[in-house]
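Have a look at upload.pdb; it's PDB, C-alpha atoms, pLDDT in the B column:
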```
ATOM      1  CA  ILE A   1       1.170  -1.383  12.477  1.00 92.00           C
ATOM      2  CA  ALA A   2       0.560  -4.154   9.954  1.00 91.00           C
ATOM      3  CA  ASN A   3      -0.088  -1.600   7.199  1.00 94.00           C
ATOM      4  CA  ALA A   4       3.151   0.198   8.048  1.00 95.00           C
ATOM      5  CA  ARG A   5       5.143  -3.024   7.823  1.00 93.00           C
ATOM      6  CA  LEU A   6       3.546  -3.964   4.512  1.00 95.00           C
ATOM      7  CA  SER A   7       4.058  -0.474   3.106  1.00 96.00           C
ATOM      8  CA  LYS A   8       7.710  -0.500   4.122  1.00 96.00           C
ATOM      9  CA  VAL A   9       8.230  -3.706   2.154  1.00 95.00           C
ATOM     10  CA  ILE A  10       6.243  -2.608  -0.926  1.00 96.00           C
ATOM     11  CA  ILE A  11       8.081   0.727  -1.075  1.00 97.00           C
ATOM     12  CA  SER A  12      11.490  -0.899  -0.632  1.00 94.00           C
ATOM     13  CA  ALA A  13      10.782  -3.466  -3.349  1.00 94.00           C
ATOM     14  CA  PHE A  14       9.100  -1.335  -6.013  1.00 96.00           C
ATOM     15  CA  PHE A  15       9.580   2.387  -5.334  1.00 97.00           C
ATOM     16  CA  ASP A  16      12.158   5.002  -4.356  1.00 97.00           C
ATOM     17  CA  PRO A  17      12.456   4.883  -0.546  1.00 96.00           C
ATOM     18  CA  GLY A  18      14.087   8.318  -0.515  1.00 96.00           C
ATOM     19  CA  ALA A  19      11.121  10.066  -2.164  1.00 96.00           C
ATOM     20  CA  ARG A  20       8.066  11.758  -0.592  1.00 96.00           C
ATOM     21  CA  PHE A  21       4.821   9.934   0.169  1.00 97.00           C
ATOM     22  CA  VAL A  22       1.317  10.784   1.354  1.00 97.00           C
ATOM     23  CA  ASP A  23      -1.231   8.876   3.417  1.00 98.00           C
ATOM     24  CA  TYR A  24      -4.651   9.916   2.100  1.00 97.00           C
ATOM     25  CA  GLY A  25      -7.465   9.751   4.623  1.00 96.00           C
ATOM     26  CA  GLY A  26      -4.688   9.588   7.206  1.00 97.00           C
ATOM     27  CA  GLY A  27      -6.920   9.876  10.269  1.00 96.00           C
ATOM     28  CA  TYR A  28      -5.109  10.851  13.455  1.00 97.00           C
ATOM     29  CA  GLY A  29      -1.707  10.485  11.766  1.00 97.00           C
ATOM     30  CA  MET A  30      -0.539   7.300  13.480  1.00 98.00           C
ATOM     31  CA  PHE A  31       0.449   5.606  10.204  1.00 98.00           C
ATOM     32  CA  VAL A  32       2.417   8.674   9.061  1.00 98.00           C
ATOM     33  CA  ARG A  33       4.298   8.778  12.363  1.00 98.00           C
ATOM     34  CA  LEU A  34       5.128   5.065  12.109  1.00 98.00           C
ATOM     35  CA  MET A  35       6.377   5.446   8.538  1.00 98.00           C
ATOM     36  CA  ARG A  36       8.509   8.458   9.448  1.00 98.00           C
ATOM     37  CA  ASP A  37       9.922   6.429  12.337  1.00 97.00           C
ATOM     38  CA  TYR A  38      10.794   3.773   9.735  1.00 96.00           C
ATOM     39  CA  GLY A  39      12.674   6.452   7.766  1.00 97.00           C
ATOM     40  CA  PHE A  40      10.168   7.290   5.004  1.00 98.00           C
ATOM     41  CA  ALA A  41       9.179  10.924   4.288  1.00 97.00           C
ATOM     42  CA  PHE A  42       5.427  10.477   4.674  1.00 98.00           C
ATOM     43  CA  TYR A  43       2.870  13.254   4.940  1.00 97.00           C
ATOM     44  CA  ARG A  44      -0.793  13.147   5.913  1.00 97.00           C
ATOM     45  CA  SER A  45      -3.921  14.313   4.095  1.00 96.00           C
ATOM     46  CA  ASP A  46      -7.354  14.123   5.727  1.00 96.00           C
ATOM     47  CA  LYS A  47     -10.055  16.798   5.537  1.00 91.00           C
ATOM     48  CA  TYR A  48     -12.309  15.053   8.040  1.00 92.00           C
ATOM     49  CA  CYS A  49      -9.997  14.251  10.951  1.00 95.00           C
ATOM     50  CA  GLN A  50      -7.638  16.109  13.277  1.00 96.00           C
ATOM     51  CA  ASN A  51      -3.935  15.260  13.093  1.00 96.00           C
ATOM     52  CA  LEU A  52      -2.844  14.107  16.556  1.00 97.00           C
ATOM     53  CA  PHE A  53       0.253  11.957  16.029  1.00 96.00           C
ATOM     54  CA  SER A  54       2.082  13.533  13.089  1.00 96.00           C
ATOM     55  CA  LYS A  55       1.577  17.261  13.629  1.00 94.00           C
ATOM     56  CA  GLY A  56       3.676  19.353  11.309  1.00 95.00           C
ATOM     57  CA  PHE A  57       3.490  16.788   8.521  1.00 96.00           C
ATOM     58  CA  ASP A  58       0.198  17.517   6.804  1.00 96.00           C
ATOM     59  CA  LEU A  59       0.433  17.819   3.034  1.00 93.00           C
ATOM     60  CA  GLU A  60      -0.241  21.522   2.595  1.00 83.00           C
ATOM     61  CA  GLU A  61      -0.231  21.911  -1.181  1.00 70.00           C
ATOM     62  CA  PRO A  62      -0.947  19.676  -4.147  1.00 61.00           C
ATOM     63  CA  ALA A  63       2.324  18.186  -5.281  1.00 56.00           C
ATOM     64  CA  GLY A  64       1.513  17.119  -8.836  1.00 56.00           C
ATOM     65  CA  ASP A  65       3.248  13.865  -9.628  1.00 55.00           C
ATOM     66  CA  THR A  66       6.128  14.566  -7.245  1.00 78.00           C
ATOM     67  CA  LEU A  67       4.860  12.097  -4.642  1.00 94.00           C
ATOM     68  CA  GLU A  68       6.231   8.620  -5.170  1.00 97.00           C
ATOM     69  CA  LEU A  69       3.272   6.799  -3.629  1.00 98.00           C
ATOM     70  CA  LEU A  70      -0.106   7.537  -2.087  1.00 98.00           C
ATOM     71  CA  THR A  71      -1.501   5.154   0.516  1.00 98.00           C
ATOM     72  CA  ALA A  72      -5.236   4.959   1.216  1.00 98.00           C
ATOM     73  CA  PHE A  73      -6.122   2.439   3.899  1.00 98.00           C
ATOM     74  CA  GLU A  74      -9.819   1.701   4.423  1.00 96.00           C
ATOM     75  CA  VAL A  75     -10.777   4.654   2.213  1.00 97.00           C
ATOM     76  CA  PHE A  76     -12.097   3.319  -1.129  1.00 97.00           C
ATOM     77  CA  GLU A  77     -15.212   1.774   0.435  1.00 97.00           C
ATOM     78  CA  HIS A  78     -16.257   5.286   1.560  1.00 95.00           C
ATOM     79  CA  PHE A  79     -16.169   6.783  -1.957  1.00 96.00           C
ATOM     80  CA  LEU A  80     -19.515   7.846  -3.403  1.00 96.00           C
ATOM     81  CA  ASP A  81     -18.042   7.949  -6.925  1.00 97.00           C
ATOM     82  CA  PRO A  82     -14.812   5.878  -7.006  1.00 97.00           C
ATOM     83  CA  ALA A  83     -13.839   6.902 -10.558  1.00 97.00           C
ATOM     84  CA  SER A  84     -14.028  10.628  -9.772  1.00 97.00           C
ATOM     85  CA  GLU A  85     -12.305  10.168  -6.428  1.00 97.00           C
ATOM     86  CA  LEU A  86      -9.510   8.244  -8.137  1.00 97.00           C
ATOM     87  CA  ASP A  87      -8.998  11.199 -10.472  1.00 96.00           C
ATOM     88  CA  GLU A  88      -8.358  13.353  -7.391  1.00 94.00           C
ATOM     89  CA  LEU A  89      -5.880  10.852  -5.965  1.00 96.00           C
ATOM     90  CA  LEU A  90      -4.013  10.687  -9.251  1.00 95.00           C
ATOM     91  CA  LYS A  91      -3.344  14.423  -9.004  1.00 93.00           C
ATOM     92  CA  LEU A  92      -1.111  13.560  -6.049  1.00 94.00           C
ATOM     93  CA  SER A  93       0.543  10.377  -7.328  1.00 95.00           C
ATOM     94  CA  SER A  94       0.257   7.834 -10.113  1.00 95.00           C
ATOM     95  CA  ASN A  95       1.008   5.046  -7.606  1.00 97.00           C
ATOM     96  CA  ILE A  96      -1.759   4.200  -5.138  1.00 98.00           C
ATOM     97  CA  LEU A  97      -1.458   1.476  -2.497  1.00 98.00           C
ATOM     98  CA  PHE A  98      -4.791   0.841  -0.800  1.00 98.00           C
ATOM     99  CA  THR A  99      -6.847  -1.611   1.188  1.00 98.00           C
ATOM    100  CA  THR A 100     -10.449  -2.610   0.735  1.00 98.00           C
ATOM    101  CA  GLU A 101     -11.990  -6.045   1.170  1.00 97.00           C
ATOM    102  CA  LEU A 102     -13.059  -7.687  -2.079  1.00 97.00           C
ATOM    103  CA  ILE A 103     -16.578  -9.059  -2.235  1.00 96.00           C
ATOM    104  CA  PRO A 104     -16.404 -12.836  -1.707  1.00 93.00           C
ATOM    105  CA  PRO A 105     -17.202 -14.988  -4.781  1.00 90.00           C
ATOM    106  CA  SER A 106     -20.372 -16.177  -3.022  1.00 91.00           C
ATOM    107  CA  ASN A 107     -21.794 -12.660  -3.434  1.00 91.00           C
ATOM    108  CA  PRO A 108     -23.084 -12.641   0.168  1.00 94.00           C
ATOM    109  CA  GLN A 109     -26.347 -11.106   1.287  1.00 94.00           C
ATOM    110  CA  PRO A 110     -26.113  -8.063   3.599  1.00 92.00           C
ATOM    111  CA  GLU A 111     -26.395 -10.131   6.779  1.00 92.00           C
ATOM    112  CA  GLU A 112     -23.782 -12.637   5.555  1.00 94.00           C
ATOM    113  CA  TRP A 113     -20.736 -10.322   5.255  1.00 94.00           C
ATOM    114  CA  TRP A 114     -19.359  -8.129   8.011  1.00 94.00           C
ATOM    115  CA  TYR A 115     -17.723  -5.656   5.623  1.00 94.00           C
ATOM    116  CA  TYR A 116     -21.030  -4.213   4.465  1.00 94.00           C
ATOM    117  CA  GLY A 117     -20.902  -2.375   7.807  1.00 93.00           C
ATOM    118  CA  LEU A 118     -24.651  -2.241   8.319  1.00 92.00           C
ATOM    119  CA  ASP A 119     -24.189  -1.020  11.889  1.00 90.00           C
ATOM    120  CA  HIS A 120     -22.573   2.257  10.772  1.00 91.00           C
ATOM    121  CA  GLY A 121     -23.602   2.633   7.103  1.00 89.00           C
ATOM    122  CA  GLN A 122     -20.310   4.257   6.087  1.00 93.00           C
ATOM    123  CA  HIS A 123     -19.243   1.606   3.565  1.00 95.00           C
ATOM    124  CA  ILE A 124     -20.979   2.536   0.332  1.00 94.00           C
ATOM    125  CA  SER A 125     -18.692   1.191  -2.433  1.00 96.00           C
ATOM    126  CA  PHE A 126     -17.724  -2.452  -2.811  1.00 96.00           C
ATOM    127  CA  PHE A 127     -15.348  -4.041  -5.258  1.00 97.00           C
ATOM    128  CA  THR A 128     -14.598  -7.298  -7.010  1.00 96.00           C
ATOM    129  CA  PHE A 129     -11.286  -8.097  -8.679  1.00 96.00           C
ATOM    130  CA  LYS A 130     -12.980  -7.418 -12.019  1.00 96.00           C
ATOM    131  CA  SER A 131     -14.287  -3.999 -10.975  1.00 97.00           C
ATOM    132  CA  LEU A 132     -10.880  -2.929  -9.629  1.00 98.00           C
ATOM    133  CA  HIS A 133      -9.247  -4.113 -12.855  1.00 97.00           C
ATOM    134  CA  HIS A 134     -11.777  -2.101 -14.868  1.00 97.00           C
ATOM    135  CA  LEU A 135     -11.225   0.993 -12.704  1.00 98.00           C
ATOM    136  CA  ALA A 136      -7.446   0.726 -13.108  1.00 98.00           C
ATOM    137  CA  HIS A 137      -7.673   0.127 -16.867  1.00 97.00           C
ATOM    138  CA  SER A 138      -9.984   3.130 -17.328  1.00 97.00           C
ATOM    139  CA  LYS A 139      -7.236   5.370 -15.909  1.00 97.00           C
ATOM    140  CA  GLY A 140      -4.358   3.728 -17.806  1.00 97.00           C
ATOM    141  CA  LEU A 141      -3.074   1.949 -14.700  1.00 98.00           C
ATOM    142  CA  ASN A 142      -2.010  -1.579 -13.868  1.00 98.00           C
ATOM    143  CA  LEU A 143      -3.572  -3.464 -10.957  1.00 98.00           C
ATOM    144  CA  TYR A 144      -1.566  -5.614  -8.567  1.00 98.00           C
ATOM    145  CA  THR A 145      -3.453  -7.298  -5.748  1.00 97.00           C
ATOM    146  CA  ASN A 146      -3.373 -10.095  -3.218  1.00 96.00           C
ATOM    147  CA  ARG A 147      -6.980 -10.707  -4.397  1.00 95.00           C
ATOM    148  CA  ARG A 148      -8.225 -10.186  -0.873  1.00 95.00           C
ATOM    149  CA  ASN A 149      -7.636  -6.782   0.682  1.00 97.00           C
ATOM    150  CA  LEU A 150      -4.364  -5.154  -0.486  1.00 97.00           C
ATOM    151  CA  HIS A 151      -4.162  -3.527  -3.913  1.00 98.00           C
ATOM    152  CA  LEU A 152      -1.878  -1.296  -5.956  1.00 98.00           C
ATOM    153  CA  PHE A 153      -2.735   0.952  -8.904  1.00 98.00           C
ATOM    154  CA  THR A 154       0.391   1.992 -10.808  1.00 98.00           C
ATOM    155  CA  LYS A 155       1.755   2.718 -14.264  1.00 96.00           C
ATOM    156  CA  LYS A 156       4.761   0.557 -13.408  1.00 96.00           C
ATOM    157  CA  LYS A 157       5.150  -2.945 -14.791  1.00 96.00           C
ATOM    158  CA  MET A 158       5.779  -5.379 -11.958  1.00 94.00           C
ATOM    159  CA  THR A 159       5.737  -9.080 -11.233  1.00 94.00           C
ATOM    160  CA  PRO A 160       2.259  -9.910  -9.851  1.00 95.00           C
ATOM    161  CA  LEU A 161       3.545 -12.947  -7.960  1.00 95.00           C
ATOM    162  CA  LEU A 162       6.193 -10.879  -6.159  1.00 94.00           C
ATOM    163  CA  PHE A 163       3.561  -8.372  -5.053  1.00 96.00           C
ATOM    164  CA  ARG A 164       1.368 -11.173  -3.746  1.00 95.00           C
ATOM    165  CA  LEU A 165       4.283 -12.786  -1.913  1.00 94.00           C
ATOM    166  CA  LEU A 166       5.325  -9.538  -0.251  1.00 93.00           C
ATOM    167  CA  SER A 167       1.744  -8.924   0.878  1.00 93.00           C
ATOM    168  CA  ILE A 168       1.884 -12.060   3.057  1.00 91.00           C
ATOM    169  CA  ASN A 169       2.571 -10.966   6.640  1.00 86.00           C
ATOM    170  CA  ALA A 170       5.122 -13.688   7.353  1.00 86.00           C
ATOM    171  CA  VAL A 171       7.091 -12.811   4.205  1.00 87.00           C
ATOM    172  CA  SER A 172       6.938  -9.055   4.806  1.00 86.00           C
ATOM    173  CA  ASN A 173       8.030  -9.493   8.429  1.00 83.00           C
ATOM    174  CA  MET A 174      11.061 -11.494   7.300  1.00 86.00           C
ATOM    175  CA  PHE A 175      11.874  -8.918   4.622  1.00 82.00           C
ATOM    176  CA  ASN A 176      11.642  -6.112   7.200  1.00 79.00           C
ATOM    177  CA  VAL A 177      14.404  -7.685   9.276  1.00 79.00           C
ATOM    178  CA  PHE A 178      16.860  -6.926   6.467  1.00 79.00           C
ATOM    179  CA  SER A 179      15.369  -3.626   5.281  1.00 77.00           C
ATOM    180  CA  ARG A 180      16.298  -0.718   7.532  1.00 83.00           C
ATOM    181  CA  ARG A 181      16.435   3.036   7.097  1.00 91.00           C
ATOM    182  CA  THR A 182      17.435   5.780   9.506  1.00 92.00           C
ATOM    183  CA  SER A 183      14.417   6.959  11.488  1.00 93.00           C
ATOM    184  CA  LEU A 184      13.258  10.543  10.911  1.00 95.00           C
ATOM    185  CA  LEU A 185      12.254  10.902  14.570  1.00 93.00           C
ATOM    186  CA  ALA A 186      15.287  12.964  15.636  1.00 93.00           C
ATOM    187  CA  ALA A 187      15.169  15.191  12.547  1.00 94.00           C
ATOM    188  CA  ASP A 188      11.411  15.696  12.931  1.00 93.00           C
ATOM    189  CA  TYR A 189      11.809  16.620  16.588  1.00 92.00           C
ATOM    190  CA  GLU A 190      14.475  19.173  15.764  1.00 93.00           C
ATOM    191  CA  ALA A 191      12.438  20.631  12.891  1.00 91.00           C
ATOM    192  CA  LEU A 192       9.359  21.054  15.087  1.00 91.00           C
ATOM    193  CA  THR A 193      11.011  22.255  18.318  1.00 91.00           C
ATOM    194  CA  GLY A 194      14.331  23.750  17.252  1.00 92.00           C
ATOM    195  CA  LYS A 195      16.010  21.483  19.800  1.00 92.00           C
ATOM    196  CA  ARG A 196      18.188  18.451  19.280  1.00 90.00           C
ATOM    197  CA  LEU A 197      16.955  15.094  20.509  1.00 82.00           C
ATOM    198  CA  ILE A 198      19.602  13.708  22.816  1.00 71.00           C
TER
END
```
Let's see the structure in the file written out as structure tokens.
Amino acid sequence: IANARLSKVIISAFFDPGARFVDYGGGYGMFVRLMRDYGFAFYRSDKYCQNLFSKGFDLEEPAGDTLELLTAFEVFEHFLDPASELDELLKLSSNILFTTELIPPSNPQPEEWWYYGLDHGQHISFFTFKSLHHLAHSKGLNLYTNRRNLHLFTKKKMTPLLFRLLSINAVSNMFNVFSRRTSLLAADYEALTGKRLI
């Protein structure tokens, strides 16, 4: 829910809200359903998980650079080779909004930082601000970040301070009060069932 609210604000401020979007590593499809309910044409892509909440809205074919934005929440830390994986993401969109916790400046030992995920072993890539900046630069992208857990790779030139402000929950919640779009729920229902939602 928090990611949907933040994404709504970031899209409204920096991107075309009427375009198409994809949630990469979209899991059960809850985020896609929330974003469609907010009025954004989101689709889901996930080769490892069944779509339960946004059936009918899987991204079926590669779309080139026709997708305005790709979101990837809690995905980058699972990449075995982040540079190669980023190349695959960039085939879908040149704008990538993602979350991953940055390594604290103290460079904690394994038992000192929860995000290492020692209990499940699925987090295998970890990033600093410097490493994300290097990764972005190597692909000709700009990096915008709250320097904690929300980041954006894009070719666009933006105001870093505005991105950081909008990534604060209190600010994004206030912004969301004034930013409304028509929900796609009724149209989605009709497209999937052939019936009108009364």
Might you spell out which residues the PyMOL selection byres ((chain A and resi 4) around 10) would select in the displayed file, as a PDB file with C-alpha atoms, keeping the file's coordinate frame?
```pdb
ATOM      1  CA  ILE A   1       1.170  -1.383  12.477  1.00 92.00           C
ATOM      2  CA  ALA A   2       0.560  -4.154   9.954  1.00 91.00           C
ATOM      3  CA  ASN A   3      -0.088  -1.600   7.199  1.00 94.00           C
ATOM      4  CA  ARG A   5       5.143  -3.024   7.823  1.00 93.00           C
ATOM      5  CA  LEU A   6       3.546  -3.964   4.512  1.00 95.00           C
ATOM      6  CA  SER A   7       4.058  -0.474   3.106  1.00 96.00           C
ATOM      7  CA  LYS A   8       7.710  -0.500   4.122  1.00 96.00           C
ATOM      8  CA  VAL A   9       8.230  -3.706   2.154  1.00 95.00           C
ATOM      9  CA  ILE A  10       6.243  -2.608  -0.926  1.00 96.00           C
ATOM     10  CA  MET A  30      -0.539   7.300  13.480  1.00 98.00           C
ATOM     11  CA  PHE A  31       0.449   5.606  10.204  1.00 98.00           C
ATOM     12  CA  VAL A  32       2.417   8.674   9.061  1.00 98.00           C
ATOM     13  CA  ARG A  33       4.298   8.778  12.363  1.00 98.00           C
ATOM     14  CA  LEU A  34       5.128   5.065  12.109  1.00 98.00           C
ATOM     15  CA  MET A  35       6.377   5.446   8.538  1.00 98.00           C
ATOM     16  CA  ARG A  36       8.509   8.458   9.448  1.00 98.00           C
ATOM     17  CA  TYR A  38      10.794   3.773   9.735  1.00 96.00           C
TER      18      TYR A  38
END
```
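You will find atom CA of Glu61 of chain A at 25.5 Å from atom CA of Phe14 of chain A.
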*May I ask which of the residues A:Leu192, A:Leu150, A:Cys49, A:Leu59 is the closest one to Phe73 of chain A, counting all atoms listed in the file?*
A:Leu150
*So, counting all atoms listed in the file, which residue among A:His151, A:Lys130, A:His123, A:Lys91 is closest to Ala72 of chain A?*
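Distance minimum relative to Ala72 of chain A lands on A:His151.
Of note, atom CA of Ile198 of chain A and atom CA of Arg181 of chain A are spaced 19.3 Å apart.
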Your completed segment 98-111 of chain A with N, CA, C and O atoms, as a JSON list (two decimals), in the coordinates of the input:
```json
[["chain", "number", "residue", "atom", "x", "y", "z"],
["A", 98, "PHE", "N", -3.59, 0.68, -1.61],
["A", 98, "PHE", "CA", -4.79, 0.84, -0.80],
["A", 98, "PHE", "C", -5.33, -0.50, -0.33],
["A", 98, "PHE", "O", -4.99, -1.56, -0.86],
["A", 99, "THR", "N", -6.16, -0.42, 0.69],
["A", 99, "THR", "CA", -6.85, -1.61, 1.19],
["A", 99, "THR", "C", -8.34, -1.42, 1.03],
["A", 99, "THR", "O", -8.87, -0.32, 1.20],
["A", 100, "THR", "N", -9.00, -2.48, 0.67],
["A", 100, "THR", "CA", -10.45, -2.61, 0.74],
["A", 100, "THR", "C", -10.73, -4.09, 0.53],
["A", 100, "THR", "O", -10.07, -4.75, -0.26],
["A", 101, "GLU", "N", -11.66, -4.62, 1.28],
["A", 101, "GLU", "CA", -11.99, -6.04, 1.17],
["A", 101, "GLU", "C", -12.75, -6.31, -0.13],
["A", 101, "GLU", "O", -13.70, -5.58, -0.44],
["A", 102, "LEU", "N", -12.33, -7.32, -0.87],
["A", 102, "LEU", "CA", -13.06, -7.69, -2.08],
["A", 102, "LEU", "C", -14.29, -8.51, -1.72],
["A", 102, "LEU", "O", -14.26, -9.32, -0.79],
["A", 103, "ILE", "N", -15.35, -8.29, -2.47],
["A", 103, "ILE", "CA", -16.58, -9.06, -2.24],
["A", 103, "ILE", "C", -16.29, -10.54, -2.46],
["A", 103, "ILE", "O", -15.73, -10.91, -3.50],
["A", 104, "PRO", "N", -16.64, -11.40, -1.53],
["A", 104, "PRO", "CA", -16.40, -12.84, -1.71],
["A", 104, "PRO", "C", -17.13, -13.37, -2.94],
["A", 104, "PRO", "O", -18.18, -12.83, -3.34],
["A", 105, "PRO", "N", -16.58, -14.42, -3.57],
["A", 105, "PRO", "CA", -17.20, -14.99, -4.78],
["A", 105, "PRO", "C", -18.64, -15.43, -4.57],
["A", 105, "PRO", "O", -19.42, -15.50, -5.51],
["A", 106, "SER", "N", -19.01, -15.72, -3.31],
["A", 106, "SER", "CA", -20.37, -16.18, -3.02],
["A", 106, "SER", "C", -21.40, -15.05, -3.14],
["A", 106, "SER", "O", -22.60, -15.31, -3.05],
["A", 107, "ASN", "N", -20.90, -13.81, -3.34],
["A", 107, "ASN", "CA", -21.79, -12.66, -3.43],
["A", 107, "ASN", "C", -22.78, -12.64, -2.26],
["A", 107, "ASN", "O", -23.99, -12.73, -2.44],
["A", 108, "PRO", "N", -22.26, -12.48, -1.03],
["A", 108, "PRO", "CA", -23.08, -12.64, 0.17],
["A", 108, "PRO", "C", -24.19, -11.60, 0.29],
["A", 108, "PRO", "O", -24.07, -10.47, -0.19],
["A", 109, "GLN", "N", -25.25, -12.00, 0.95],
["A", 109, "GLN", "CA", -26.35, -11.11, 1.29],
["A", 109, "GLN", "C", -25.88, -10.16, 2.39],
["A", 109, "GLN", "O", -24.88, -10.43, 3.07],
["A", 110, "PRO", "N", -26.56, -9.05, 2.61],
["A", 110, "PRO", "CA", -26.11, -8.06, 3.60],
["A", 110, "PRO", "C", -25.81, -8.64, 4.98],
["A", 110, "PRO", "O", -24.83, -8.26, 5.61],
["A", 111, "GLU", "N", -26.62, -9.57, 5.43],
["A", 111, "GLU", "CA", -26.40, -10.13, 6.78],
["A", 111, "GLU", "C", -25.31, -11.20, 6.80],
["A", 111, "GLU", "O", -24.94, -11.69, 7.87]]
```
